[in-house]
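Data block below; observations after.
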Amino acid sequence: MSIAMPVPNAETLAKRERIARALRAIVPGEGVIDAPEALRPWESDGLTAYRQPPLLVVLPETTAQVSAVLKWCHAEGVKVVPRGAGTSLSGGALPLADAVLLGLGKFKRVLDVDYEDRVAVVQPGVTNLAITQAVEGRGFYYAPDPSSQIACTIGGNVAENSGGVHCLKYGLTTNNVLGAEVVLMDGEIVRLGGRHLDSGGLDLLGVVVGSEGLLGVVTEVTVRILPRPETARAVLVGFPDAEQAGACVAQVIAEGIIPAGMEMMDRPAIHAAEAFVNVGYPLDVGALLIVEVDGPAAECDFLIGEIARIGNANGAVTSRVSDGEAERMAFWAGRKAAFPAVGRISPDYLCMDGTIPRRRLPDVLRRMEELSEEYGLRVANVFHAGDGNLHPLILYDANVPGELDKAEAFGADILRLCVSVGGVLTGEHGVGIEKRDLMPEMFSDADLKQQQRVKCAFDPELLLNPGKVFPVLHRCAELGQMHVHHGALPHPELPRF
Ligand SMILES: Cc1cc2nc3c(=O)[nH]c(=O)nc-3n(C[C@H](O)[C@H](O)[C@H](O)COP(=O)(O)OP(=O)(O)OC[C@H]3O[C@@H](n4cnc5c(N)ncnc54)[C@H](O)[C@@H]3O)c2cc1C
């Protein structure tokens with residue numbers, strides 16, 4: 001495993017019992033977990049190749065408790081890692097040996113739903129799907145729909161700026177969050193945004209969304225809710241290979257059609273998903289597009305016809321339109337279960353996340369196949385094709401010595417490829433630890449320094465979620481005096497990770 005974490009602070013480790021006592025006074029009852037065996041379930045997140053039991057876990061239930069916990073940790077110089085459901089695929093919620101893991105799982109209430117303003121105010125531990133479930137009785141829903149929506153929390157979605165199959169048309173989390181209550185590392189409680197589309201001053205809410213738990217702890221979120229479209233229809237379009245499917249995606253968008261979702265799966269992913277959920281995916285194609293359109297019925301019919309026409313022009317060999325709501329949901333069930341389905345055909349996999357300009361899909365997919373052969377590791381592709389957001393799943397076996405390192409090197413090459421064609425390191429899973437050391441591939445020294453200055457403005461002691469996102473985290477006072485060029489530092493003797 002190539003990604004190193006900060007060396008634990010011996011002083012903090014030595015005062016573990018005192019920390020537990022102090023936090024129990026703030027969150028009494030079962031709010032603090034410190035027995036070694038009870039810490040095991042918390043040692044990893046969705047990036048399961050990495051694990052580390054936390055110093056201890058604290059599970060507050062109120063914003064006042066979060067504030068008091070952070071204030072105490074701030075005064076004592078103790079690090080804190082915020083955590084929602086622990087489904088992060090980039091290791092964002094990976095615990096540290098010398099940090100308190102602050103779980104938001106008890107913040108489970110939907111506080112208010114206002115259909116006139118079309119907003120819901122929820123606590124951060126509410127799952128993504130539970131927001132829709134709270135409003136669907138009145139014909140509303142919350143649009144961003146990560147495949148993990150049954151488990152992941154809205155707090156985690158805000159921290160990662162999560163996406164999902166319907167974000168092509170309806171935007172990512174950042175486009176659907178209007179306000180948040182955030183507790184800063186020194187315990188101060190601030191409110192950003194509100195119930196309206198814009199607020200005066202700097203867009204600090206925009207800064208916090210996607211900040212991966214590095215700037216503050218989100219304790220309340222106001223989201224937009226939307227009325228369910230009158231009709232939604234999905235079509236499965238099969239192609240001999242992924243390049244033709246990629247060309248079809250590019251043409252659909254170029255012709256001015258923005259489907260509600262447009263997802264692609266390659267042959268290994270189609271076979272794994274079909275074996276898992278049995279929804280009738282064609283098994284004799286090299287790539288499958290699932291395209292959904294929504295709106296008035298007549299518009300949907302027209303768009304489905306247009307998509308079929310564009311599919312045929314790009315060599316489609318199969319096409320099947322959903323016949324009713326049950327079948328539409330079945331089409332999506334395979335896609336949404338694709339990650340666990342791939343987990344059944346390989347002992348382990350690494351899920352990568354990078355974004356490229358749509359028109360580069362065919363050549364990036366071709367190069368990925370070459371890399372797969374060079375590394376001798378299989379890759380299954382399941383991704384948000386309409387957004388150009390790739391999710392190559394690299395299959396490996398952690399029990400084979402060196403195979404994880406090989407998978408990580410393959411993943412890093414894929415992300416470098418994304419950047420080299422004008423794309424970005426992440427689409428929706430965040431940087432976490434997974435892509436931390438690749439940040440200089442994409443950002444200049446000046447970019448990284450400026451991002452760190454924002455971190456310093458919120459958390460000058462660098463106590464919140466250290467070791468994530470920034471390849472080198474300097475004391476704020478020193479910032480501006482270091483020159484980082486492609487990861488090569490002028491002062492190698494300074495501690496870094
Ligand atoms: C099978 C599977 C499918 C997935 N599919 C998708 C997908 O389609 N789209 C997508 O975008 N992601 C997807 N993910 C990734 C993951 O579900 C998202 O990143 C999700 O938003 C994480 O939410 P969580 O509650 O699990 O957060 P965690 O994993 O607990 O934490 C994630 C990050 O958020 C921070 N954090 C959590 N809560 C708070 C808070 N209240 N305040 C401040 N910081 C906080 C943590 O410190 C960490 O940095 C998938 C994951 C899995 C396992």
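Please note that chains go A, B, ... in the order of the structure tokens, that every chain numbers its residues from 1, and that ligands are numbered from 1 in the order shown.
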(request) Let me have all residues with an atom within 6 Å of ligand 1, counting only C-alpha atoms and all ligand atoms, laid out as an NGL selection string. (result) :A and (46 or 81-89 or 92-93 or 104 or 124 or 146-148 or 152-153 or 155-157 or 159-160 or 162-164 or 212-213 or 216-219 or 339 or 428-429)
(request) Skip Gly256 in chain A itself and residues of its chain fewer than 3 positions away, then list as number ranges by chain all residues within 12 Å of it, counting only C-alpha atoms. (result) A: 249-253, 259, 303, 306-307
Take the residues from that selection and write them out as a tab-separated table (two decimals), in the first residue's frame, keeping C-alpha atoms.
```
chain	number	residue	atom	x	y	z
A	249	VAL	CA	-23.07	9.61	-25.87
A	250	ALA	CA	-21.11	12.48	-27.38
A	251	GLN	CA	-23.60	12.83	-30.26
A	252	VAL	CA	-26.69	12.77	-28.00
A	253	ILE	CA	-25.32	15.73	-26.03
A	259	PRO	CA	-31.20	13.03	-20.71
A	303	LEU	CA	-36.63	11.93	-27.12
A	306	GLU	CA	-34.19	10.58	-31.17
A	307	ILE	CA	-31.91	8.51	-28.96
```
(message) Excluding Arg224 in chain A and its own-chain neighbours fewer than 3 positions away, which residues fall within 6 Å of it when counting only C-alpha atoms? Please give them as a VMD selection string.
(response) chain A and resid 118 to 119 176
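Of note, CA of Gly402 in chain A and CA of Ser2 in chain A are spaced 10.6 Å apart.
Minimum distance to Val454 in chain A across A:Ala308, A:Arg233, A:Leu204, A:Pro340 (counting only C-alpha atoms) occurs at A:Leu204.
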(message) as a ChimeraX atom specification, please: every residue in range 221-459 of chain A that a backbone DSSP assignment puts in alpha helix (DSSP H).
(response) /A:242-254,267-277,297-313,325-336,338-343,361-375,403-420,439-442,445-458
